[in-house]
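Raw model-v9.cif, mmCIF, C-alpha atoms and all ligand atoms:
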```
data_target
loop_
_atom_site.label_atom_id
_atom_site.label_comp_id
_atom_site.auth_asym_id
_atom_site.auth_seq_id
_atom_site.Cartn_x
_atom_site.Cartn_y
_atom_site.Cartn_z
CA MET I 1 -24.23 3.75 2.06
CA LYS I 2 -24.52 4.02 5.81
CA ALA I 3 -26.39 7.04 7.11
CA LYS I 4 -24.11 9.49 8.85
CA ARG I 5 -24.50 9.44 12.55
CA PRO I 6 -24.73 12.70 14.42
CA GLY I 7 -21.30 13.72 15.57
CA SER I 8 -19.57 12.19 12.54
CA LEU I 9 -18.21 15.62 11.65
CA LYS I 10 -15.78 15.29 14.52
CA PRO I 11 -12.41 14.04 13.31
CA SER I 12 -12.41 10.28 13.77
CA THR I 13 -9.97 9.05 16.38
CA ARG I 14 -7.41 6.86 14.71
CA GLU I 15 -6.24 3.61 16.23
CA THR I 16 -3.03 4.35 18.09
CA ALA I 17 -0.10 2.20 19.19
CA ARG I 18 2.98 3.12 21.20
CA VAL I 19 6.46 1.94 20.39
CA VAL I 20 9.76 2.36 22.25
CA TRP I 21 12.75 2.34 19.89
CA LEU I 22 16.11 1.30 21.34
CA PRO I 23 18.78 1.72 18.63
CA GLY I 24 21.64 0.53 20.87
CA ASP I 25 25.16 -0.24 19.69
CA GLY I 26 27.07 -0.71 16.44
CA VAL I 27 24.84 -1.08 13.41
CA GLY I 28 21.76 -0.86 15.67
CA PRO I 29 21.09 2.87 15.10
CA GLU I 30 21.51 2.52 11.31
CA VAL I 31 19.12 -0.38 10.94
CA VAL I 32 16.59 0.93 13.47
CA ARG I 33 16.42 4.23 11.56
CA GLU I 34 15.29 2.32 8.45
CA ALA I 35 12.93 0.07 10.39
CA ARG I 36 11.34 3.10 12.01
CA ARG I 37 10.85 4.88 8.68
CA VAL I 38 9.23 1.79 7.18
CA VAL I 39 7.03 0.98 10.19
CA GLU I 40 5.83 4.59 10.49
CA ARG I 41 5.00 4.75 6.79
CA ALA I 42 3.16 1.42 6.84
CA ALA I 43 1.06 2.63 9.77
CA GLU I 44 0.34 5.93 8.03
CA LEU I 45 -0.70 4.22 4.78
CA ALA I 46 -3.12 2.10 6.81
CA GLY I 47 -4.57 5.18 8.54
CA LEU I 48 -3.03 4.21 11.89
CA GLU I 49 -1.23 6.35 14.39
CA LEU I 50 2.07 5.48 15.98
CA GLU I 51 3.44 7.23 19.05
CA SER I 52 7.16 6.84 19.59
CA ARG I 53 9.77 7.26 22.27
CA GLU I 54 13.43 6.58 21.60
CA TYR I 55 16.21 6.00 24.13
CA PRO I 56 19.96 5.50 23.69
CA CYS I 57 21.33 2.37 25.32
CA GLY I 58 24.04 -0.28 25.18
CA GLY I 59 27.73 -0.76 25.81
CA ARG I 60 28.85 2.51 24.26
CA TYR I 61 26.26 4.40 26.25
CA TRP I 62 27.59 2.65 29.36
CA LEU I 63 31.15 3.75 28.54
CA GLN I 64 29.92 7.34 28.22
CA THR I 65 27.51 7.49 31.15
CA GLY I 66 28.13 4.56 33.48
CA LYS I 67 24.58 3.31 32.81
CA GLU I 68 23.34 0.79 30.28
CA TRP I 69 20.21 2.84 29.55
CA PRO I 70 18.50 5.92 30.99
CA ASP I 71 16.43 5.37 34.15
CA GLU I 72 13.16 6.13 32.38
CA ALA I 73 13.71 3.63 29.55
CA PHE I 74 12.62 0.40 31.25
CA PRO I 75 9.49 1.93 32.86
CA ALA I 76 8.55 3.29 29.42
CA CYS I 77 8.90 -0.19 27.90
CA ARG I 78 6.90 -1.76 30.73
CA ASP I 79 4.20 0.82 31.44
CA TRP I 80 3.85 3.00 28.34
CA ALA I 81 4.72 0.99 25.23
CA ASP I 82 2.67 -1.56 23.35
CA ALA I 83 5.91 -2.95 21.93
CA VAL I 84 9.66 -2.36 21.82
CA LEU I 85 12.07 -2.52 18.88
CA LEU I 86 15.72 -3.01 19.77
CA GLY I 87 18.68 -2.60 17.38
CA ALA I 88 21.53 -4.48 19.04
CA VAL I 89 23.75 -4.27 22.10
CA GLY I 90 27.47 -4.94 22.52
CA TRP I 91 30.52 -2.75 21.95
CA PRO I 92 34.24 -3.69 21.98
CA GLY I 93 35.78 -2.89 25.35
CA ALA I 94 32.42 -2.32 27.00
CA THR I 95 32.46 -4.94 29.73
CA LEU I 96 30.94 -4.60 33.18
CA PRO I 97 33.27 -5.02 36.18
CA ASN I 98 31.89 -8.55 36.72
CA GLY I 99 32.87 -9.53 33.17
CA ASP I 100 29.36 -9.38 31.68
CA LEU I 101 28.63 -7.68 28.38
CA ALA I 102 27.73 -4.01 28.95
CA GLY I 103 24.35 -3.51 27.34
CA GLY I 104 23.32 -7.02 28.29
CA GLY I 105 21.33 -5.38 31.07
CA VAL I 106 19.08 -3.89 28.40
CA LEU I 107 18.50 -7.15 26.55
CA PHE I 108 18.14 -9.32 29.65
CA GLY I 109 16.40 -6.52 31.54
CA LEU I 110 13.66 -6.70 28.91
CA ARG I 111 13.64 -10.49 28.49
CA PHE I 112 13.39 -11.16 32.23
CA GLY I 113 11.78 -7.90 33.34
CA LEU I 114 8.90 -8.19 30.85
CA ASP I 115 8.83 -12.02 31.01
CA LEU I 116 9.29 -12.42 27.24
CA TYR I 117 9.37 -16.19 27.30
CA ALA I 118 8.97 -17.10 23.62
CA ASN I 119 11.76 -16.00 21.32
CA VAL I 120 10.14 -16.51 17.92
CA ARG I 121 12.62 -16.69 15.05
CA PRO I 122 11.23 -17.32 11.57
CA ALA I 123 13.59 -18.60 8.88
CA LYS I 124 11.97 -17.95 5.53
CA LEU I 125 13.89 -17.68 2.26
CA PHE I 126 12.43 -15.09 -0.11
CA PRO I 127 12.93 -15.62 -3.87
CA GLY I 128 15.70 -13.23 -4.93
CA ILE I 129 17.75 -13.66 -1.76
CA PRO I 130 20.53 -16.25 -1.95
CA HIS I 131 20.86 -18.65 0.96
CA ARG I 132 24.31 -18.52 2.50
CA VAL I 133 25.24 -22.18 2.59
CA CYS I 134 28.47 -22.16 0.64
CA GLY I 135 31.12 -24.76 0.21
CA ALA I 136 32.96 -26.71 -2.46
CA PHE I 137 29.78 -26.46 -4.50
CA ARG I 138 26.92 -24.05 -4.16
CA VAL I 139 23.83 -25.81 -2.94
CA VAL I 140 20.77 -24.83 -4.88
CA TRP I 141 17.32 -25.30 -3.48
CA PRO I 142 14.05 -23.68 -4.25
CA PRO I 143 13.39 -20.75 -1.92
CA GLU I 144 10.06 -22.20 -0.91
CA SER I 145 11.86 -25.10 0.80
CA VAL I 146 12.84 -22.83 3.71
CA ASP I 147 9.85 -21.61 5.69
CA MET I 148 10.04 -22.53 9.35
CA VAL I 149 9.82 -20.85 12.72
CA LEU I 150 12.16 -21.81 15.55
CA ILE I 151 11.00 -20.89 19.02
CA ARG I 152 13.58 -20.54 21.69
CA GLU I 153 12.69 -20.50 25.37
CA ASN I 154 13.87 -17.07 26.50
CA THR I 155 13.73 -16.79 30.30
CA GLU I 156 15.54 -19.78 31.76
CA GLY I 157 17.95 -22.56 30.66
CA CYS I 158 21.61 -21.54 30.61
CA TYR I 159 20.57 -17.88 30.63
CA ALA I 160 18.97 -18.03 34.08
CA PRO I 161 21.12 -15.71 36.16
CA VAL I 162 22.42 -18.54 38.33
CA HIS I 163 26.11 -18.71 37.67
CA GLY I 164 29.39 -17.62 39.06
CA GLN I 165 33.10 -18.12 39.50
CA LEU I 166 35.12 -19.21 42.45
CA THR I 167 38.19 -17.02 42.79
CA ARG I 168 41.02 -17.97 45.15
CA GLY I 169 43.98 -15.63 45.62
CA GLY I 170 42.88 -13.60 42.59
CA THR I 171 42.78 -16.63 40.28
CA SER I 172 39.56 -17.98 38.78
CA GLU I 173 39.42 -21.62 39.79
CA VAL I 174 35.94 -22.85 39.01
CA ALA I 175 33.06 -21.49 36.95
CA VAL I 176 29.51 -22.80 37.05
CA ASP I 177 26.61 -22.14 34.71
CA SER I 178 23.49 -23.81 36.04
CA ARG I 179 20.78 -24.73 33.59
CA ILE I 180 17.31 -24.22 34.99
CA ILE I 181 14.37 -25.85 33.24
CA THR I 182 10.96 -25.55 34.87
CA ARG I 183 7.62 -27.11 34.05
CA LYS I 184 6.00 -23.68 33.78
CA GLY I 185 8.77 -22.32 31.55
CA ALA I 186 8.63 -25.33 29.26
CA GLU I 187 4.86 -25.51 29.10
CA ARG I 188 4.18 -21.93 28.07
CA VAL I 189 6.76 -21.83 25.31
CA ILE I 190 5.72 -25.23 23.96
CA ARG I 191 2.08 -24.13 23.95
CA HIS I 192 3.12 -21.02 22.02
CA ALA I 193 4.73 -23.29 19.41
CA PHE I 194 1.61 -25.41 18.98
CA GLU I 195 -0.65 -22.36 18.73
CA LEU I 196 1.62 -20.92 16.06
CA ALA I 197 1.61 -24.20 14.12
CA ARG I 198 -2.19 -24.03 14.01
CA GLU I 199 -1.98 -20.66 12.24
CA ARG I 200 0.58 -21.77 9.69
CA GLN I 201 0.26 -23.76 6.50
CA GLY I 202 2.52 -26.65 7.52
CA ALA I 203 6.02 -27.69 6.46
CA PRO I 204 7.02 -26.74 2.92
CA GLY I 205 8.02 -30.33 2.09
CA ASP I 206 4.79 -32.17 2.83
CA GLY I 207 2.33 -29.49 3.91
CA LYS I 208 1.94 -31.13 7.33
CA ARG I 209 1.52 -28.99 10.40
CA ARG I 210 4.34 -30.17 12.61
CA VAL I 211 6.05 -29.17 15.84
CA THR I 212 9.54 -30.53 16.40
CA CYS I 213 10.91 -30.76 19.94
CA ILE I 214 14.67 -30.15 19.80
CA ASP I 215 16.53 -31.37 22.88
CA LYS I 216 19.30 -33.51 24.30
CA ALA I 217 17.07 -35.76 26.39
CA ASN I 218 19.55 -38.64 26.16
CA VAL I 219 21.95 -36.71 28.37
CA MET I 220 20.32 -33.80 30.15
CA ALA I 221 17.73 -33.94 32.90
CA GLY I 222 16.31 -30.56 31.97
CA CYS I 223 15.72 -31.81 28.45
CA ARG I 224 13.91 -34.89 29.77
CA LEU I 225 11.56 -32.58 31.65
CA PHE I 226 11.18 -30.36 28.57
CA ARG I 227 10.40 -33.37 26.36
CA GLY I 228 7.95 -34.80 28.89
CA VAL I 229 6.06 -31.50 29.02
CA PHE I 230 6.13 -31.36 25.21
CA ASP I 231 4.41 -34.76 25.05
CA GLU I 232 1.78 -33.65 27.55
CA VAL I 233 1.01 -30.39 25.73
CA ALA I 234 0.91 -32.23 22.38
CA LEU I 235 -2.09 -34.26 23.59
CA ALA I 236 -4.22 -31.13 23.32
CA TYR I 237 -3.23 -30.67 19.65
CA PRO I 238 -4.10 -33.97 17.91
CA ASP I 239 -4.31 -32.09 14.58
CA ILE I 240 -0.58 -31.32 14.65
CA ALA I 241 2.17 -33.86 13.95
CA THR I 242 4.95 -34.03 16.51
CA GLU I 243 8.46 -35.41 16.69
CA HIS I 244 11.57 -35.29 18.88
CA ILE I 245 15.06 -34.78 17.59
CA TYR I 246 18.36 -34.49 19.44
CA VAL I 247 19.89 -31.09 18.96
CA ASP I 248 23.06 -32.41 17.30
CA ALA I 249 21.07 -34.37 14.73
CA PHE I 250 18.83 -31.35 14.26
CA MET I 251 21.76 -29.18 13.19
CA GLN I 252 22.40 -31.62 10.33
CA ALA I 253 18.76 -32.04 9.39
CA LEU I 254 18.26 -28.29 9.32
CA VAL I 255 20.72 -27.97 6.47
CA ARG I 256 20.01 -31.29 4.75
CA GLN I 257 16.23 -31.13 4.72
CA PRO I 258 15.02 -27.66 5.68
CA GLU I 259 11.71 -28.36 3.93
CA HIS I 260 10.81 -30.90 6.64
CA PHE I 261 10.50 -28.28 9.36
CA ASP I 262 7.45 -26.18 10.19
CA VAL I 263 7.74 -25.08 13.85
CA GLY I 264 10.58 -26.11 16.16
CA VAL I 265 10.74 -25.51 19.90
CA THR I 266 13.76 -25.75 22.15
CA THR I 267 15.53 -24.54 25.26
CA ASN I 268 17.31 -21.22 25.51
CA MET I 269 20.92 -21.79 24.52
CA MET I 270 20.18 -24.59 22.05
CA GLY I 271 17.80 -22.14 20.39
CA ASP I 272 20.45 -19.42 20.40
CA ILE I 273 22.83 -21.69 18.51
CA ALA I 274 20.29 -23.27 16.16
CA THR I 275 18.84 -19.94 15.05
CA ASP I 276 22.19 -18.63 13.85
CA LEU I 277 22.43 -21.65 11.55
CA ALA I 278 18.80 -21.31 10.49
CA ALA I 279 19.52 -17.68 9.54
CA VAL I 280 22.09 -18.93 7.03
CA LEU I 281 19.31 -20.76 5.19
CA GLN I 282 17.38 -17.53 4.69
CA GLY I 283 20.23 -15.33 3.47
CA GLY I 284 22.24 -14.75 6.63
CA MET I 285 21.98 -12.68 9.77
CA GLY I 286 21.18 -9.56 7.79
CA VAL I 287 17.67 -10.79 7.03
CA ALA I 288 16.73 -12.83 10.13
CA PRO I 289 14.07 -11.15 12.30
CA SER I 290 12.82 -12.10 15.74
CA GLY I 291 10.05 -11.40 18.20
CA GLU I 292 10.44 -11.95 21.95
CA ILE I 293 6.98 -12.43 23.23
CA GLY I 294 5.29 -12.74 26.60
CA ASP I 295 1.70 -12.67 27.73
CA ARG I 296 1.59 -8.88 28.07
CA HIS I 297 4.69 -7.46 26.41
CA ALA I 298 6.85 -8.00 23.35
CA MET I 299 10.18 -6.86 22.01
CA PHE I 300 11.47 -7.22 18.46
CA GLU I 301 15.03 -7.27 17.11
CA GLY I 302 17.13 -8.70 14.33
CA VAL I 303 18.88 -11.94 15.27
CA HIS I 304 22.17 -10.28 14.30
CA GLY I 305 24.35 -8.52 16.85
CA SER I 306 25.84 -5.04 16.80
CA ALA I 307 28.49 -5.92 14.15
CA PRO I 308 30.99 -3.23 15.28
CA ASP I 309 33.28 -4.05 12.32
CA ILE I 310 30.81 -2.58 9.84
CA ALA I 311 29.17 -0.01 12.13
CA GLY I 312 28.89 3.52 10.75
CA LYS I 313 29.76 2.47 7.19
CA GLY I 314 26.19 2.58 5.93
CA ILE I 315 26.39 -0.95 4.56
CA ALA I 316 24.51 -2.96 7.20
CA ASN I 317 21.46 -4.77 5.92
CA PRO I 318 18.37 -3.26 7.58
CA LEU I 319 16.03 -6.04 6.41
CA ALA I 320 16.27 -7.99 9.69
CA ALA I 321 15.17 -4.89 11.62
CA ILE I 322 12.53 -4.01 9.03
CA LEU I 323 11.07 -7.54 9.08
CA SER I 324 11.19 -7.45 12.90
CA GLY I 325 9.14 -4.25 12.59
CA ALA I 326 6.62 -6.16 10.44
CA MET I 327 6.38 -8.85 13.15
CA MET I 328 5.88 -6.08 15.71
CA LEU I 329 2.92 -4.60 13.83
CA ASP I 330 1.41 -8.06 13.45
CA TRP I 331 1.77 -8.68 17.20
CA ILE I 332 0.24 -5.29 18.02
CA GLY I 333 -2.68 -6.22 15.74
CA CYS I 334 -3.13 -9.57 17.49
CA ARG I 335 -3.07 -7.91 20.92
CA LYS I 336 -5.51 -5.21 19.93
CA GLY I 337 -7.70 -7.51 17.86
CA SER I 338 -7.09 -5.13 14.96
CA ALA I 339 -6.91 -6.31 11.37
CA ALA I 340 -5.52 -2.90 10.37
CA TRP I 341 -2.31 -3.27 12.39
CA ARG I 342 -1.88 -6.85 11.23
CA GLY I 343 -2.41 -5.66 7.66
CA ALA I 344 0.25 -2.97 8.04
CA GLY I 345 2.72 -5.65 9.17
CA ALA I 346 1.78 -7.92 6.28
CA ALA I 347 2.19 -5.01 3.84
CA ILE I 348 5.82 -4.60 4.92
CA GLU I 349 6.57 -8.25 4.33
CA THR I 350 4.82 -8.16 0.94
CA ALA I 351 6.81 -5.08 -0.02
CA VAL I 352 10.12 -6.69 0.98
CA ARG I 353 9.23 -9.87 -0.85
CA ALA I 354 8.32 -8.00 -4.05
CA MET I 355 11.40 -5.81 -3.80
CA VAL I 356 13.95 -8.62 -3.52
CA ALA I 357 12.15 -10.69 -6.17
CA ALA I 358 12.71 -7.75 -8.54
CA GLY I 359 16.42 -7.74 -7.63
CA GLU I 360 16.13 -4.42 -5.80
CA GLY I 361 17.17 -3.32 -2.33
CA LEU I 362 19.90 -5.96 -2.05
CA SER I 363 22.78 -5.04 0.26
CA PRO I 364 26.29 -6.51 -0.17
CA ASP I 365 25.69 -9.42 2.25
CA ILE I 366 22.96 -10.77 -0.03
CA GLY I 367 24.68 -10.21 -3.32
CA GLY I 368 23.81 -6.58 -4.06
CA THR I 369 25.45 -3.19 -3.74
CA GLU I 370 22.83 -1.09 -1.97
CA GLY I 371 23.64 0.74 1.25
CA THR I 372 21.52 0.71 4.40
CA SER I 373 19.37 3.74 3.63
CA ALA I 374 19.00 2.81 -0.06
CA VAL I 375 17.48 -0.49 1.06
CA GLY I 376 15.09 1.44 3.30
CA ASP I 377 14.20 3.74 0.37
CA ALA I 378 13.52 0.74 -1.87
CA VAL I 379 11.19 -0.81 0.73
CA LEU I 380 9.36 2.51 1.09
CA ARG I 381 8.86 2.76 -2.70
CA ARG I 382 7.40 -0.75 -2.77
CA LEU I 383 5.15 -0.02 0.20
CA ALA I 384 3.68 3.01 -1.53
CA GLY I 385 3.17 0.95 -4.70
CA GLU I 386 1.44 -1.83 -2.75
CA ALA I 387 -0.88 0.68 -1.08
CA ARG I 388 -1.75 2.32 -4.45
CA ARG I 389 -2.44 -1.07 -6.02
CA ALA I 390 -4.59 -2.12 -3.07
CA SER I 391 -6.67 1.06 -3.17
CA SER I 392 -7.10 1.14 -6.99
CA SER I 393 -8.12 -2.52 -7.14
CA SER I 394 -10.66 -2.01 -4.37
CA ALA I 395 -12.00 1.06 -6.26
CA ARG I 396 -12.43 -1.04 -9.44
CA ARG I 397 -14.08 -3.91 -7.61
CA PRO I 398 -17.80 -3.47 -7.08
CA ARG I 399 -18.46 -3.20 -3.36
CA ARG I 400 -20.02 -6.28 -2.03
CA ARG I 401 -21.62 -6.52 1.31
CA ARG I 402 -20.07 -9.10 3.57
CA ALA I 403 -22.35 -11.91 4.56
C1 LIG I 501 20.78 -13.41 20.53
C2 LIG I 501 22.14 -12.95 21.00
C3 LIG I 501 22.16 -12.76 22.51
C4 LIG I 501 21.84 -14.09 23.15
C5 LIG I 501 23.48 -12.18 23.04
C6 LIG I 501 23.79 -10.83 22.44
C7 LIG I 501 23.52 -12.10 24.53
O1 LIG I 501 23.11 -13.84 20.58
O2 LIG I 501 19.80 -12.68 20.78
O3 LIG I 501 20.67 -14.47 19.95
O4 LIG I 501 22.73 -14.92 23.35
O5 LIG I 501 20.66 -14.34 23.43
MN MN I 502 22.39 -15.45 19.32
#
```

Same coordinates, now as structure tokens:
Amino acid sequence: MKAKRPGSLKPSTRETARVVWLPGDGVGPEVVREARRVVERAAELAGLELESREYPCGGRYWLQTGKEWPDEAFPACRDWADAVLLGAVGWPGATLPNGDLAGGGVLFGLRFGLDLYANVRPAKLFPGIPHRVCGAFRVVWPPESVDMVLIRENTEGCYAPVHGQLTRGGTSEVAVDSRIITRKGAERVIRHAFELARERQGAPGDGKRRVTCIDKANVMAGCRLFRGVFDEVALAYPDIATEHIYVDAFMQALVRQPEHFDVGVTTNMMGDIATDLAAVLQGGMGVAPSGEIGDRHAMFEGVHGSAPDIAGKGIANPLAAILSGAMMLDWIGCRKGSAAWRGAGAAIETAVRAMVAAGEGLSPDIGGTEGTSAVGDAVLRRLAGEARRASSSSARRPRRRRA
């Protein structure tokens, strides 16, 4: 045993991280409540301290106040928080005078304002969750055949705020959406994809580490630039297989051979569209998490929207928000160089995986009957069980000194 150092009677300072929670519209508050409970418990079980601030925001908030979020919310995300977890934005009838979605200022304010250029969207099917590809016959595939991450460029493309309408005599005559692709924007997101591929175990089908460039380079100039930069960046990663696929063909391949894909990288709107389909492979929008990541900041949210049709009914699936919370803790751990935060994130994913494999905590969208908070309760029970198992097995194991 290590000798006690003088001063060790002082309470040890625990590792601390700061999170801004933005519940937002529709089902956002319901799912963020569960994500927050789970994230806070995971941190506590790992002996970590979480400081929180929460702000209302979104389209409904705009209808009530004339603002999309309080003035102090963005500075808190930028200057105070280590990470942000957002529920969803968008509310029926909440449209800004210029026609934009009210609440969009929160989402895009964070994406552009914090330069969150890599929108990382894993599609992983856990045993116990049914995929949602339905048709004349139900397709059966082993859950382990879906384990990919699609990375969507998040700060340019069709989402660059360079668009407008020409109105003559009160009538809209022409509308233009310009698509901006830059070398810098392409390079940093493509590099992120290759770095991630190095950490992963390869595609489920053949175990090969692979990055797929998804584009429409046969038609679009921006995609030719994107593909060219992809080929340049790939030279620095000779250990990783690469390929190009046109986005239309990719949409087919995604459903026909999901096991082929490991990491995919694409431009903003193509990624927006492709990740909705990829979510279907992992059980639907209710379970698809995401992390929007920059060099200094990150924001996490379920891929799903605010789902106003089921808001307030207590039936929304909180797993997307909970798994986004797990990604958030992992990212905090990477940033801080802390295995403890990464471990807390991994513990959440392990708990969710064990829970659904046992047929528990399944909400109606994935074949169960549990409500939003019952799913949160079930994850919390598993988390506690995981922590007990981890501590009792380490107590049984003789302590060995690490070489
Ligand atoms: C998403 C959403 C948003 C987007 C909407 C709400 C503006 O669909 O995060 O995928 O298009 O990026
Ligand atoms: Mn989308």

Please check which protein, DNA or RNA residues sit within 10 Å of ligand LIG 501 (chain I), counting only C-alpha atoms and all ligand atoms, and write them as a CSV table (one decimal) with C-alpha atoms, keeping the file's coordinate frame.
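selection-v2.csv, freshly written:
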```
chain,number,residue,atom,x,y,z
I,88,ALA,CA,21.5,-4.5,19.0
I,89,VAL,CA,23.8,-4.3,22.1
I,90,GLY,CA,27.5,-4.9,22.5
I,100,ASP,CA,29.4,-9.4,31.7
I,101,LEU,CA,28.6,-7.7,28.4
I,103,GLY,CA,24.4,-3.5,27.3
I,104,GLY,CA,23.3,-7.0,28.3
I,105,GLY,CA,21.3,-5.4,31.1
I,107,LEU,CA,18.5,-7.2,26.6
I,108,PHE,CA,18.1,-9.3,29.6
I,111,ARG,CA,13.6,-10.5,28.5
I,119,ASN,CA,11.8,-16.0,21.3
I,121,ARG,CA,12.6,-16.7,15.0
I,152,ARG,CA,13.6,-20.5,21.7
I,154,ASN,CA,13.9,-17.1,26.5
I,158,CYS,CA,21.6,-21.5,30.6
I,159,TYR,CA,20.6,-17.9,30.6
I,268,ASN,CA,17.3,-21.2,25.5
I,269,MET,CA,20.9,-21.8,24.5
I,271,GLY,CA,17.8,-22.1,20.4
I,272,ASP,CA,20.4,-19.4,20.4
I,273,ILE,CA,22.8,-21.7,18.5
I,274,ALA,CA,20.3,-23.3,16.2
I,275,THR,CA,18.8,-19.9,15.0
I,276,ASP,CA,22.2,-18.6,13.8
I,290,SER,CA,12.8,-12.1,15.7
I,292,GLU,CA,10.4,-12.0,22.0
I,301,GLU,CA,15.0,-7.3,17.1
I,302,GLY,CA,17.1,-8.7,14.3
I,303,VAL,CA,18.9,-11.9,15.3
I,304,HIS,CA,22.2,-10.3,14.3
I,305,GLY,CA,24.4,-8.5,16.8
I,306,SER,CA,25.8,-5.0,16.8
```

Exercise for the section: Using all atoms listed in the file, determine which residues lie at most 12 Å from stretch 55-71 of chain I, disregarding the query and same-chain residues fewer than 5 positions distant; provide the list as a ChimeraX atom specification. Expected result: /I:19-29,32,76-77,84-97,100-110,305-306,308

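Nearest residue to I:Arg36, choosing from I:Gly325, I:Gly359, I:Pro364, I:Gly337 and counting all atoms listed in the file: I:Gly325.
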
Practice task
Using only C-alpha atoms, find all polymer residues with an atom at most 12 Å away from the point (-6.2, -1.1, 18.3); report them as a VMD selection string.
Solution key: chain I and resid 13 to 18 43 47 to 50 82 329 to 342

Axis-aligned box for all listed atoms of stretch 125-136 of chain I, 5 Å per side, centre and edges in Å to one decimal, as lines of an AutoDock Vina configuration file:
```
center_x = 22.7
center_y = -20.0
center_z = -1.2
size_x = 30.5
size_y = 23.5
size_z = 17.5
```

Handout entry: Counting only C-alpha atoms and all ligand atoms, the residue of I:Cys134, I:Ala346, I:Ala279, I:Leu225 that sits nearest ligand MN 502 (chain I)
Key = I:Ala279

Practice task
May I ask for the distance between atom CA of I:Met299 and atom CA of I:Leu362, given in Å to one decimal place?
Solution key: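 Separation between atom CA of I:Met299 and atom CA of I:Leu362: 26.0 Å.
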
Fill in the blank from the handout: What separates atom CA of I:Gly284 and atom CA of I:Val149 is a distance of 15.1 Å

Problem - Atom pair atom CA of I:Val280 / atom CA of I:Ala253: separation (Å) - result: 13.7 Å

Problem - Residues near I:Ala186, cut-off 12 Å, all atoms listed in the file, skip fewer than 2 positions along chain, as a ChimeraX atom specification - result: /I:117-118,151-157,180-184,188-193,213,215,222-233,265-268

What's the 8 Å shell around I:Leu114, counting all atoms listed in the file, without same-chain residues fewer than 6 positions away, as a PDB file with C-alpha atoms, in the frame of the given file?
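Final file, part-v4.pdb:
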```
ATOM      1  CA  ARG I  78       6.900  -1.760  30.730  1.00  0.00           C
ATOM      2  CA  GLY I 294       5.290 -12.740  26.600  1.00  0.00           C
ATOM      3  CA  ARG I 296       1.590  -8.880  28.070  1.00  0.00           C
ATOM      4  CA  HIS I 297       4.690  -7.460  26.410  1.00  0.00           C
ATOM      5  CA  ALA I 298       6.850  -8.000  23.350  1.00  0.00           C
TER       6      ALA I 298
END
```

Problem - Expected residue set, 12 Å radius at (20.8, 4.2, -1.3), only C-alpha atoms, as a list in words - result: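 So the residues meeting the distance criterion are Glu34, Gly314, Ile315, Ala316, Asn317, Pro318, Glu360, Gly361, Leu362, Ser363, Gly368, Thr369, Glu370, Gly371, Thr372, Ser373, Ala374, Val375, Gly376, Asp377, Ala378, Val379 and Leu380 of chain I.
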
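Distances from I:Ala288, I:Ile322, I:Val356, I:Ala46 to ligand MN 502 (chain I) were compared using all atoms listed in the file, and the smallest one belongs to I:Ala288.
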
Practice task
Tell me which of I:Arg388, I:Met270, I:Leu166, I:Trp80 sits closest to ligand MN 502 (chain I), counting all atoms listed in the file.
Solution key: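 Smallest separation from ligand MN 502 (chain I) among the options: I:Met270.
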
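In this comparison, which uses only C-alpha atoms, the residue of I:Ala175, I:Leu281, I:Val31, I:Leu45 approaching I:Ala387 most closely is I:Leu45.
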
Practice task
Considering all atoms listed in the file, state which residue in the set I:Leu383, I:Met285, I:Met327, I:Ile366 is at the smallest distance from ligand MN 502 (chain I).
Solution key: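 Of all the options, I:Met285 lies closest to ligand MN 502 (chain I).
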
Subset file: stretch 236-252 of chain I, C-alpha atoms, as a PDB file, in the first residue's frame:
```pdb
ATOM      1  CA  ALA I 236      -1.716   9.454 -44.460  1.00  0.00           C
ATOM      2  CA  TYR I 237      -3.725   6.378 -43.371  1.00  0.00           C
ATOM      3  CA  PRO I 238      -2.335   3.446 -45.410  1.00  0.00           C
ATOM      4  CA  ASP I 239      -3.612   1.045 -42.706  1.00  0.00           C
ATOM      5  CA  ILE I 240      -7.237   1.895 -43.499  1.00  0.00           C
ATOM      6  CA  ALA I 241      -9.132   0.687 -46.570  1.00  0.00           C
ATOM      7  CA  THR I 242     -10.947   3.357 -48.549  1.00  0.00           C
ATOM      8  CA  GLU I 243     -13.666   3.488 -51.153  1.00  0.00           C
ATOM      9  CA  HIS I 244     -15.967   5.971 -52.893  1.00  0.00           C
ATOM     10  CA  ILE I 245     -19.653   5.449 -53.421  1.00  0.00           C
ATOM     11  CA  TYR I 246     -22.272   7.701 -54.981  1.00  0.00           C
ATOM     12  CA  VAL I 247     -24.870   8.709 -52.460  1.00  0.00           C
ATOM     13  CA  ASP I 248     -27.770   7.131 -54.351  1.00  0.00           C
ATOM     14  CA  ALA I 249     -26.011   3.773 -54.541  1.00  0.00           C
ATOM     15  CA  PHE I 250     -25.038   4.153 -50.897  1.00  0.00           C
ATOM     16  CA  MET I 251     -28.677   4.360 -49.815  1.00  0.00           C
ATOM     17  CA  GLN I 252     -29.237   0.922 -51.365  1.00  0.00           C
TER      18      GLN I 252
END
```
